[in-house]
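Source file: upload23.txt (compact mmCIF, C-alpha atoms and all ligand atoms)
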```
# COMPACT_ATOMS: atom_id res chain seq x y z
CA VAL A 5 -78.89 -2.34 -33.19
CA HIS A 6 -76.37 0.43 -33.70
CA ILE A 7 -73.24 -0.47 -35.58
CA PHE A 8 -71.97 3.00 -34.79
CA GLU A 9 -73.14 5.53 -32.24
CA SER A 10 -71.67 8.89 -31.32
CA THR A 11 -73.04 11.98 -29.56
CA GLY A 12 -74.84 13.24 -32.68
CA LEU A 13 -74.99 10.30 -35.12
CA ARG A 14 -76.36 6.75 -35.19
CA TYR A 15 -75.82 4.25 -37.98
CA ASP A 16 -77.20 0.69 -38.04
CA GLY A 17 -75.84 -0.39 -41.41
CA ASN A 18 -78.99 0.68 -43.28
CA HIS A 19 -80.20 3.90 -41.67
CA LEU A 20 -78.55 7.15 -40.63
CA LEU A 21 -80.04 9.03 -37.69
CA VAL A 22 -78.83 12.41 -36.52
CA LEU A 23 -79.57 14.45 -33.42
CA ASP A 24 -81.26 17.72 -34.45
CA GLN A 25 -78.77 20.14 -32.89
CA THR A 26 -81.01 23.18 -33.41
CA LEU A 27 -83.29 21.88 -30.63
CA LEU A 28 -80.58 21.28 -28.01
CA PRO A 29 -80.38 21.55 -25.09
CA GLN A 30 -84.16 21.69 -24.54
CA LYS A 31 -85.09 18.71 -26.73
CA GLU A 32 -83.21 15.63 -27.92
CA VAL A 33 -84.86 14.71 -31.21
CA TRP A 34 -83.32 12.14 -33.58
CA VAL A 35 -84.10 12.51 -37.29
CA THR A 36 -83.70 9.86 -40.03
CA CYS A 37 -81.76 11.05 -43.10
CA ASP A 38 -83.74 9.21 -45.76
CA SER A 39 -83.19 11.43 -48.80
CA ALA A 40 -80.58 13.79 -50.20
CA ASP A 41 -83.00 16.70 -49.79
CA THR A 42 -83.48 15.85 -46.10
CA LEU A 43 -79.72 15.61 -45.55
CA ILE A 44 -79.00 18.90 -47.36
CA ASN A 45 -81.74 20.65 -45.40
CA LEU A 46 -80.39 19.28 -42.08
CA ILE A 47 -76.89 20.48 -42.98
CA GLN A 48 -78.06 23.92 -44.16
CA ARG A 49 -80.15 24.65 -41.10
CA LEU A 50 -77.35 23.39 -38.82
CA ALA A 51 -79.25 20.42 -37.40
CA ILE A 52 -76.10 18.57 -38.51
CA ARG A 53 -73.08 20.83 -38.02
CA GLY A 54 -69.38 21.00 -37.19
CA ALA A 55 -66.87 20.49 -39.99
CA PRO A 56 -66.04 16.79 -39.42
CA LEU A 57 -69.65 15.71 -38.68
CA ILE A 58 -70.95 17.35 -41.87
CA GLY A 59 -68.44 15.33 -43.94
CA VAL A 60 -68.99 12.09 -42.02
CA SER A 61 -72.81 12.30 -42.21
CA ALA A 62 -72.67 12.96 -45.96
CA SER A 63 -70.30 10.00 -46.41
CA VAL A 64 -72.46 7.58 -44.40
CA PHE A 65 -75.56 8.76 -46.28
CA LEU A 66 -73.84 8.13 -49.63
CA GLY A 67 -72.72 4.70 -48.40
CA ILE A 68 -76.38 3.83 -47.70
CA GLN A 69 -77.47 5.21 -51.09
CA ALA A 70 -74.88 3.08 -52.87
CA SER A 71 -76.65 -0.02 -51.48
CA THR A 72 -79.94 0.91 -53.21
CA ASN A 73 -80.48 0.39 -56.94
CA ILE A 74 -79.37 3.94 -57.75
CA SER A 75 -77.55 4.35 -61.08
CA PHE A 76 -73.93 5.51 -61.07
CA GLU A 77 -74.94 8.76 -62.84
CA ASP A 78 -77.66 9.55 -60.29
CA PHE A 79 -75.30 8.68 -57.44
CA THR A 80 -72.62 11.04 -58.76
CA GLN A 81 -75.14 13.85 -59.26
CA MET A 82 -76.48 13.34 -55.74
CA ALA A 83 -72.95 13.44 -54.30
CA MET A 84 -72.21 16.72 -56.13
CA ARG A 85 -75.42 18.26 -54.81
CA ILE A 86 -74.58 17.28 -51.23
CA LYS A 87 -71.01 18.55 -51.69
CA ALA A 88 -72.41 22.05 -52.30
CA ALA A 89 -74.65 22.09 -49.18
CA ARG A 90 -72.33 24.40 -47.21
CA PRO A 91 -69.27 26.18 -48.65
CA THR A 92 -66.70 26.74 -45.89
CA ALA A 93 -66.03 23.46 -44.04
CA VAL A 94 -63.73 21.58 -46.40
CA ASN A 95 -64.24 18.17 -44.74
CA LEU A 96 -67.47 17.82 -46.75
CA MET A 97 -65.65 18.37 -50.04
CA ASN A 98 -62.63 16.26 -49.03
CA ASN A 99 -64.78 13.31 -47.89
CA ILE A 100 -67.04 13.36 -50.96
CA GLU A 101 -64.07 13.59 -53.34
CA GLN A 102 -62.56 10.60 -51.52
CA ILE A 103 -65.79 8.65 -52.06
CA LEU A 104 -66.11 9.61 -55.74
CA ALA A 105 -62.46 8.68 -56.34
CA ILE A 106 -63.12 5.14 -55.10
CA ALA A 107 -66.49 4.78 -56.90
CA LYS A 108 -65.04 3.08 -59.98
CA GLY A 109 -65.57 -0.23 -61.74
CA SER A 110 -68.20 -2.95 -61.45
CA SER A 111 -68.41 -3.22 -57.66
CA TRP A 112 -68.41 0.57 -57.03
CA GLN A 113 -71.39 0.25 -54.67
CA GLN A 114 -69.51 -2.06 -52.28
CA LYS A 115 -66.40 0.12 -52.40
CA VAL A 116 -68.42 3.26 -51.57
CA LYS A 117 -70.10 1.58 -48.61
CA GLN A 118 -66.75 0.42 -47.24
CA GLU A 119 -65.14 3.83 -47.78
CA ALA A 120 -67.99 5.57 -45.96
CA ILE A 121 -67.57 3.33 -42.93
CA ALA A 122 -63.80 3.88 -43.08
CA ILE A 123 -64.34 7.69 -43.07
CA LEU A 124 -66.67 7.37 -40.05
CA ASN A 125 -64.23 5.26 -38.07
CA GLU A 126 -61.23 7.32 -39.15
CA ASP A 127 -62.80 10.55 -37.88
CA LYS A 128 -63.26 8.97 -34.45
CA GLU A 129 -59.63 7.83 -34.41
CA LEU A 130 -58.35 11.25 -35.56
CA CYS A 131 -60.26 12.88 -32.69
CA GLU A 132 -58.63 10.56 -30.17
CA LYS A 133 -55.15 11.34 -31.55
CA MET A 134 -55.77 15.11 -31.40
CA ALA A 135 -57.17 14.83 -27.89
CA ILE A 136 -54.11 12.98 -26.61
CA LYS A 137 -51.61 15.35 -28.28
CA GLY A 138 -53.53 18.48 -27.31
CA ALA A 139 -54.16 17.47 -23.69
CA ASP A 140 -50.39 17.60 -23.10
CA LEU A 141 -50.62 21.37 -23.60
CA ILE A 142 -53.09 21.69 -20.69
CA HIS A 143 -51.96 21.74 -17.07
CA SER A 144 -53.82 21.52 -13.80
CA GLY A 145 -55.12 24.94 -12.79
CA ASN A 146 -55.46 26.18 -16.40
CA ARG A 147 -58.36 28.43 -17.27
CA ILE A 148 -59.22 27.70 -20.90
CA LEU A 149 -61.40 29.66 -23.25
CA THR A 150 -63.18 28.04 -26.21
CA HIS A 151 -65.49 29.20 -28.98
CA CYS A 152 -68.42 27.59 -30.83
CA ASN A 153 -68.94 23.82 -30.43
CA THR A 154 -66.10 21.47 -31.27
CA GLY A 155 -67.06 18.42 -29.23
CA GLY A 156 -68.72 15.06 -29.80
CA LEU A 157 -71.60 16.87 -31.49
CA ALA A 158 -69.30 18.26 -34.18
CA THR A 159 -67.50 14.99 -34.99
CA SER A 160 -68.02 11.23 -34.79
CA GLY A 161 -65.56 11.04 -31.88
CA VAL A 162 -64.68 13.12 -28.82
CA GLY A 163 -64.30 16.30 -30.85
CA THR A 164 -61.46 18.62 -31.82
CA ALA A 165 -60.75 21.53 -29.42
CA LEU A 166 -63.38 20.35 -26.93
CA GLY A 167 -62.03 16.79 -27.22
CA VAL A 168 -58.65 18.11 -26.06
CA ILE A 169 -60.27 19.94 -23.13
CA ILE A 170 -62.38 16.92 -22.08
CA LYS A 171 -59.32 14.64 -22.35
CA ALA A 172 -57.39 16.93 -19.98
CA HIS A 173 -60.32 16.75 -17.54
CA GLN A 174 -60.36 12.94 -17.83
CA GLN A 175 -56.65 12.98 -16.99
CA ASP A 176 -57.71 14.49 -13.65
CA LYS A 177 -56.31 17.92 -14.44
CA SER A 178 -58.25 20.56 -12.58
CA ILE A 179 -59.42 23.01 -15.25
CA HIS A 180 -61.94 25.79 -15.71
CA VAL A 181 -63.51 26.39 -19.12
CA TRP A 182 -64.83 29.76 -20.29
CA VAL A 183 -67.47 28.99 -22.93
CA ASP A 184 -68.13 31.74 -25.50
CA GLU A 185 -71.87 31.67 -26.17
CA THR A 186 -71.05 32.16 -29.90
CA ARG A 187 -73.52 34.52 -31.50
CA PRO A 188 -75.57 34.39 -33.60
CA LEU A 189 -76.54 30.69 -33.36
CA LEU A 190 -75.28 30.06 -29.81
CA GLN A 191 -73.38 26.83 -30.45
CA GLY A 192 -71.34 27.56 -27.30
CA GLY A 193 -74.26 28.43 -25.04
CA ARG A 194 -76.49 25.62 -26.27
CA LEU A 195 -74.12 22.81 -27.30
CA THR A 196 -70.70 23.19 -25.67
CA ALA A 197 -72.29 23.94 -22.29
CA TRP A 198 -74.54 20.87 -22.77
CA GLU A 199 -71.54 18.64 -23.51
CA LEU A 200 -69.39 20.02 -20.67
CA GLN A 201 -72.11 19.63 -18.04
CA LYS A 202 -72.65 16.02 -19.20
CA GLU A 203 -68.91 15.36 -18.82
CA GLY A 204 -68.78 17.09 -15.44
CA VAL A 205 -66.22 19.68 -16.59
CA ASN A 206 -66.11 22.88 -14.55
CA HIS A 207 -67.27 25.67 -16.89
CA GLN A 208 -68.86 29.09 -17.10
CA LEU A 209 -70.73 30.58 -20.00
CA ILE A 210 -69.83 34.08 -21.20
CA CYS A 211 -71.17 36.42 -23.89
CA ASP A 212 -68.60 36.70 -26.69
CA SER A 213 -67.90 40.31 -25.76
CA MET A 214 -66.70 39.32 -22.25
CA ALA A 215 -63.59 37.47 -23.48
CA ALA A 216 -61.57 40.71 -23.78
CA MET A 217 -62.21 41.73 -20.18
CA LEU A 218 -61.31 38.25 -18.89
CA MET A 219 -57.99 38.37 -20.77
CA GLN A 220 -57.30 41.91 -19.56
CA HIS A 221 -57.75 40.66 -15.98
CA GLY A 222 -55.39 37.72 -16.54
CA ARG A 223 -58.14 35.13 -16.16
CA VAL A 224 -57.52 33.15 -19.38
CA ASP A 225 -54.42 30.92 -19.61
CA LYS A 226 -55.00 29.29 -23.02
CA ILE A 227 -57.45 29.36 -25.89
CA PHE A 228 -58.44 26.28 -27.92
CA VAL A 229 -60.65 26.55 -31.01
CA GLY A 230 -61.56 24.27 -33.92
CA SER A 231 -61.42 24.95 -37.65
CA ASP A 232 -63.54 24.54 -40.76
CA ARG A 233 -60.67 24.87 -43.23
CA ILE A 234 -56.90 25.27 -42.84
CA ALA A 235 -54.95 26.73 -45.77
CA ARG A 236 -51.44 25.56 -46.73
CA ASN A 237 -49.89 28.65 -45.07
CA GLY A 238 -51.63 27.87 -41.74
CA ASP A 239 -54.33 30.56 -41.99
CA PHE A 240 -57.64 29.04 -40.97
CA ALA A 241 -61.38 29.67 -41.09
CA ASN A 242 -63.53 29.04 -38.03
CA LYS A 243 -66.79 30.27 -36.53
CA ILE A 244 -67.25 34.04 -36.69
CA GLY A 245 -65.62 35.60 -33.63
CA THR A 246 -62.52 33.38 -33.72
CA TYR A 247 -60.38 36.09 -35.37
CA SER A 248 -61.22 38.65 -32.68
CA LEU A 249 -60.20 36.10 -30.01
CA ALA A 250 -56.88 35.56 -31.80
CA VAL A 251 -56.19 39.31 -31.93
CA LEU A 252 -57.07 39.63 -28.23
CA ALA A 253 -54.91 36.63 -27.35
CA ASN A 254 -51.97 38.15 -29.22
CA TYR A 255 -52.36 41.49 -27.41
CA HIS A 256 -52.68 39.83 -24.00
CA LYS A 257 -50.01 37.17 -24.72
CA VAL A 258 -52.40 34.25 -24.20
CA PRO A 259 -51.39 31.07 -26.13
CA PHE A 260 -53.87 30.43 -28.94
CA TYR A 261 -54.25 26.89 -30.36
CA VAL A 262 -56.28 25.57 -33.27
CA VAL A 263 -57.27 21.90 -33.17
CA ALA A 264 -58.35 20.02 -36.31
CA PRO A 265 -57.93 16.68 -38.08
CA GLN A 266 -55.93 16.53 -41.32
CA THR A 267 -59.29 16.20 -43.17
CA THR A 268 -59.79 19.92 -42.38
CA VAL A 269 -56.65 20.92 -44.32
CA ASP A 270 -57.33 22.15 -47.86
CA ALA A 271 -54.13 21.25 -49.71
CA ALA A 272 -55.36 23.20 -52.75
CA CYS A 273 -55.87 26.40 -50.77
CA GLU A 274 -52.78 28.59 -50.54
CA GLN A 275 -53.96 31.17 -48.01
CA GLY A 276 -56.89 32.20 -45.86
CA ALA A 277 -58.07 34.87 -48.30
CA ASP A 278 -58.95 32.04 -50.73
CA ILE A 279 -61.38 30.35 -48.29
CA PRO A 280 -65.04 30.88 -49.28
CA ILE A 281 -67.03 32.33 -46.38
CA GLU A 282 -70.66 31.28 -45.99
CA MET A 283 -73.13 34.16 -45.72
CA ARG A 284 -76.30 33.25 -43.82
CA ASP A 285 -79.82 34.58 -43.40
CA GLU A 286 -80.00 37.94 -41.65
CA LYS A 287 -82.89 36.59 -39.51
CA GLU A 288 -80.26 34.75 -37.44
CA VAL A 289 -78.84 38.10 -36.31
CA LYS A 290 -82.19 39.85 -35.91
CA GLY A 291 -83.55 37.22 -33.54
CA ALA A 292 -83.19 33.62 -32.42
CA ILE A 293 -85.02 30.34 -32.93
CA GLY A 294 -84.53 26.98 -31.23
CA GLY A 295 -85.85 24.49 -28.72
CA PHE A 296 -86.61 27.54 -26.53
CA GLY A 297 -89.04 29.00 -29.11
CA SER A 298 -88.44 32.01 -31.29
CA VAL A 299 -87.98 35.72 -30.83
CA GLN A 300 -87.14 38.70 -33.02
CA TRP A 301 -85.70 41.79 -31.33
CA ALA A 302 -84.64 43.88 -34.33
CA PRO A 303 -86.99 46.03 -36.36
CA GLU A 304 -88.44 44.11 -39.31
CA THR A 305 -87.08 46.69 -41.76
CA SER A 306 -83.49 46.76 -40.39
CA SER A 307 -80.99 44.79 -42.42
CA ALA A 308 -78.28 42.60 -40.83
CA PHE A 309 -74.86 41.27 -41.91
CA ASN A 310 -74.25 37.58 -41.18
CA PRO A 311 -70.95 35.92 -42.22
CA ALA A 312 -70.82 32.49 -40.55
CA PHE A 313 -67.01 32.30 -40.39
CA ASP A 314 -63.90 34.46 -40.27
CA VAL A 315 -60.26 33.80 -41.12
CA THR A 316 -57.46 33.93 -38.56
CA PRO A 317 -53.99 34.58 -40.03
CA ALA A 318 -51.31 32.02 -39.20
CA GLU A 319 -49.13 34.64 -37.49
CA LEU A 320 -51.64 34.81 -34.60
CA VAL A 321 -51.53 31.04 -33.94
CA THR A 322 -49.32 29.57 -31.20
CA GLY A 323 -49.83 25.97 -32.33
CA TRP A 324 -51.79 23.79 -34.77
CA VAL A 325 -52.88 20.60 -32.98
CA LEU A 326 -53.52 17.96 -35.64
CA ASP A 327 -53.80 14.20 -35.37
CA THR A 328 -50.34 14.12 -36.99
CA GLY A 329 -48.68 16.32 -34.38
CA VAL A 330 -48.50 19.75 -32.77
CA PHE A 331 -47.07 22.23 -35.26
CA GLN A 332 -45.57 25.65 -34.65
CA GLN A 333 -44.72 28.68 -36.80
CA GLN A 334 -41.35 27.28 -37.89
CA ASP A 335 -42.95 24.05 -39.15
CA LEU A 336 -45.09 25.88 -41.73
CA ALA A 337 -42.14 26.30 -44.11
CA LYS A 338 -41.99 22.53 -44.72
CA PRO A 339 -44.04 21.33 -47.71
CA LEU A 340 -47.04 19.22 -46.60
CA TRP A 341 -46.25 20.19 -42.98
CA TRP A 342 -49.68 19.00 -41.81
CA LEU A 343 -48.79 15.38 -42.60
CA GLY A 344 -46.12 15.46 -39.91
O1 LIG A 401 -71.60 26.66 -38.34
P1 LIG A 401 -71.07 25.48 -37.55
O2 LIG A 401 -71.77 25.30 -36.25
O3 LIG A 401 -71.03 24.22 -38.39
O4 LIG A 401 -69.58 25.90 -37.25
C1 LIG A 401 -68.75 25.01 -36.53
C2 LIG A 401 -67.41 25.54 -36.21
O5 LIG A 401 -67.06 26.64 -36.59
C3 LIG A 401 -66.47 24.64 -35.49
O6 LIG A 401 -65.59 25.38 -34.71
C4 LIG A 401 -65.69 23.87 -36.57
O7 LIG A 401 -66.54 23.16 -37.41
C5 LIG A 401 -64.66 22.97 -36.02
S1 LIG A 401 -65.37 21.77 -34.99
C6 LIG A 401 -65.02 20.34 -34.98
```
Turn the structure described in the file into structure tokens.
Amino acid sequence: VHIFESTGLRYDGNHLLVLDQTLLPQKEVWVTCDSADTLINLIQRLAIRGAPLIGVSASVFLGIQASTNISFEDFTQMAMRIKAARPTAVNLMNNIEQILAIAKGSSWQQKVKQEAIAILNEDKELCEKMAIKGADLIHSGNRILTHCNTGGLATSGVGTALGVIIKAHQQDKSIHVWVDETRPLLQGGRLTAWELQKEGVNHQLICDSMAAMLMQHGRVDKIFVGSDRIARNGDFANKIGTYSLAVLANYHKVPFYVVAPQTTVDAACEQGADIPIEMRDEKEVKGAIGGFGSVQWAPETSSAFNPAFDVTPAELVTGWVLDTGVFQQQDLAKPLWWLG
């Protein structure tokens, strides 16, 4: 019996199961998160990934832990360890701080469990709100480019940027989606393509380096991407390669939208330069590993540089699509603009 089920997460009230995203699309393997070490490992090797899903999975896991006979001290320590699993996506930190803030008093266990379920359900609702607001920006005939994976696999709902795109398709708008394969870990080629073919959305996969040529030839009408952390000034971090798309979009005058729930806003972060960028293993650049097997193409002794995210300055963004509204450059001057 599943109390909650989404594309990448299942929760029956006592157990958390996640779809190992590193094996998609070749294999659909569900893994039980039965310890903090397992959860942290799944997050670090991107079996669980996407800013909202990382935070939601950690919250549900902590909700389950609170129902065991764990002491408050051990629970807090565990939460702090999980909070440090990946550094860039702020949803993980925001969700865990929310849980620790409520974990007070004699019935803290019950409160944590309820808060975790509230976070899970809230994420789904936020996705729906973003999808509805963002889909208004898409018209029949639009050719849309997207980067990384921002769909049901990255959230507990329909997704962020991909949720917007799928909503437009469900509204019977005739669209074409250019899917950036998203090197080095191929979240676009493996995951976004998998989600779009399941939904029956017309799409074509491209290597990241093909986006420039498509824009030069006038074959991209709009770009929608997600975010891992939005700073107060509107700068945002997202999967490596997002910044180059924003620069290209600006040059070619293609509208560039970022889609994220308010849980992705870091109210303590003034500007993009303050966002910590995760550096990952150089093996990911020197080769590839997944449900398809593994290969290394670079010489063993060559070194590689592997930042997982980059920061796009606010000035390159046409609109911020949040659950609270669609914001433009002039809205950024208002304090707490992201709350609408
Ligand atoms: O390293 P990943 O796969 O977790 O990176 C994911 C992204 O960059 C997404 O675009 C981002 O989390 C927003 S998605 C809902």
message = For a test of reading the model, state the distance in Å between atom CA of A:Leu104 and atom CA of A:Ile52, rounded to one decimal.
response =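 Interatomic distance, atom CA of A:Leu104 to atom CA of A:Ile52: 21.8 Å.
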task = Residues within 6 Å of ligand LIG 401 (chain A), counting only C-alpha atoms and all ligand atoms: report them as a PyMOL selection string.
result = chain A and resi 53-56+152-154+158-159+163-164+230-232+242-243
message = Report, in Å to a single decimal, how far apart atom CA of A:Thr328 and atom CA of A:Asn146 are.
response =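 Here the two named atoms are 24.4 Å from each other.
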ask   = A:Gly329, A:Gly295, A:Pro317, A:Pro188: which is nearest A:Ile244, counting only C-alpha atoms?
value = A:Pro188
request  = Mind giving me the straight-line distance from atom CA of A:Gln48 to atom CA of A:Val33 in Å, one decimal?
outcome  =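 We find that atom CA of A:Gln48 and atom CA of A:Val33 lie 17.3 Å from each other.
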Assuming 6 Å of padding per side, give the centre and edge lengths of the axis-aligned box around every listed atom of stretch 38-45 of chain A, in Å to one decimal and as AutoDock Vina command-line options.
```
--center_x -81.4 --center_y 14.9 --center_z -47.8 --size_x 16.7 --size_y 23.4 --size_z 16.8
```
At a cut-off of 8 Å, using all atoms listed in the file, what residues contact stretch 78-91 of chain A? Leave out same-chain residues fewer than 6 positions from it and give the result as a CSV table (one decimal) with C-alpha atoms, in the coordinates of the input.
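Once everything was written out, this is part08.csv:
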```
chain,number,residue,atom,x,y,z
A,40,ALA,CA,-80.6,13.8,-50.2
A,43,LEU,CA,-79.7,15.6,-45.6
A,44,ILE,CA,-79.0,18.9,-47.4
A,47,ILE,CA,-76.9,20.5,-43.0
A,48,GLN,CA,-78.1,23.9,-44.2
A,62,ALA,CA,-72.7,13.0,-46.0
A,66,LEU,CA,-73.8,8.1,-49.6
A,69,GLN,CA,-77.5,5.2,-51.1
A,70,ALA,CA,-74.9,3.1,-52.9
A,97,MET,CA,-65.6,18.4,-50.0
A,100,ILE,CA,-67.0,13.4,-51.0
A,104,LEU,CA,-66.1,9.6,-55.7
A,280,PRO,CA,-65.0,30.9,-49.3
A,281,ILE,CA,-67.0,32.3,-46.4
A,282,GLU,CA,-70.7,31.3,-46.0
```
message = Need the shell around A:Gly67: protein/DNA/RNA residues with any atom at most 12 Å away, counting all atoms listed in the file. Skip same-chain ones fewer than 3 positions apart. Format as JSON, numbers by chain?
response = {"A": [15, 16, 17, 18, 19, 20, 60, 61, 62, 63, 64, 70, 71, 72, 74, 79, 82, 83, 99, 100, 103, 104, 106, 107, 112, 113, 114, 115, 116, 117, 118, 119, 120, 121, 122, 123, 124]}
ask   = Quick one: residues within 9 Å of A:Leu252, all atoms listed in the file counted, chain neighbours fewer than 5 positions away excluded, as a PyMOL selection string?
value = chain A and resi 215-216+219-220+247+257-258
inquiry  = Using only C-alpha atoms, can you tell me which of A:Ile170, A:Val183, A:Leu21, A:Val94 comes closest to A:Gly138?
reply    =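 Ranking A:Ile170, A:Val183, A:Leu21, A:Val94 by distance to A:Gly138, first place goes to A:Ile170.
Closest approach to A:Lys202 among A:Val262, A:Pro29, A:Val251, A:Ala172 is made by A:Pro29 (distances from all atoms listed in the file).
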task = Using all atoms listed in the file, find the one residue out of A:Pro303, A:Gly109, A:Gly238, A:Gly291 that sits nearest to A:Ala277.
result =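 Of A:Pro303, A:Gly109, A:Gly238, A:Gly291, the one nearest A:Ala277 is A:Gly238, counting all atoms listed in the file.
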query = What residues have an atom no more than 6 Å from (-48.9, 25.1, -29.0) in the file's own frame, counting only C-alpha atoms, and can you write them as a count of residues only?
reply = 3
request  = Find the residues around A:Gly297 up to 12 Å (all atoms listed in the file counted), leave out those fewer than 4 positions away in its own chain, and share them as a PyMOL selection string.
outcome  = chain A and resi 26-28+30-31+291-293
Could stretch 203-217 of chain A be written out with N, CA and C atoms, as a CSV table (one decimal), in the first residue's frame, please?
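The resulting file, part12.csv, is reproduced below:
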```
chain,number,residue,atom,x,y,z
A,203,GLU,N,5.2,10.6,-21.6
A,203,GLU,CA,4.1,11.6,-21.6
A,203,GLU,C,3.6,11.8,-23.1
A,204,GLY,N,4.4,11.3,-24.0
A,204,GLY,CA,4.0,11.5,-25.4
A,204,GLY,C,4.3,12.9,-25.9
A,205,VAL,N,5.3,13.6,-25.4
A,205,VAL,CA,5.6,14.9,-25.8
A,205,VAL,C,6.6,14.8,-26.9
A,206,ASN,N,6.4,15.5,-28.0
A,206,ASN,CA,7.2,15.6,-29.2
A,206,ASN,C,8.6,16.2,-28.8
A,207,HIS,N,9.7,15.4,-28.9
A,207,HIS,CA,11.0,15.9,-28.5
A,207,HIS,C,12.1,15.4,-29.3
A,208,GLN,N,13.2,16.1,-29.3
A,208,GLN,CA,14.5,15.6,-29.9
A,208,GLN,C,15.6,15.9,-29.0
A,209,LEU,N,16.5,14.9,-28.9
A,209,LEU,CA,17.7,15.0,-28.0
A,209,LEU,C,18.8,15.8,-28.8
A,210,ILE,N,19.5,16.6,-28.1
A,210,ILE,CA,20.7,17.3,-28.7
A,210,ILE,C,21.9,17.2,-27.8
A,211,CYS,N,23.1,17.2,-28.4
A,211,CYS,CA,24.3,17.4,-27.5
A,211,CYS,C,24.3,18.9,-27.1
A,212,ASP,N,24.8,19.1,-25.9
A,212,ASP,CA,24.7,20.5,-25.3
A,212,ASP,C,25.3,21.5,-26.3
A,213,SER,N,26.3,21.1,-27.0
A,213,SER,CA,27.0,22.1,-27.9
A,213,SER,C,26.1,22.4,-29.2
A,214,MET,N,25.0,21.8,-29.4
A,214,MET,CA,24.1,22.1,-30.6
A,214,MET,C,23.1,23.2,-30.3
A,215,ALA,N,23.0,23.6,-29.0
A,215,ALA,CA,22.0,24.6,-28.7
A,215,ALA,C,22.3,25.9,-29.4
A,216,ALA,N,23.6,26.3,-29.5
A,216,ALA,CA,23.9,27.6,-30.1
A,216,ALA,C,23.5,27.6,-31.6
A,217,MET,N,23.8,26.6,-32.3
A,217,MET,CA,23.4,26.5,-33.7
A,217,MET,C,21.9,26.6,-33.9
```
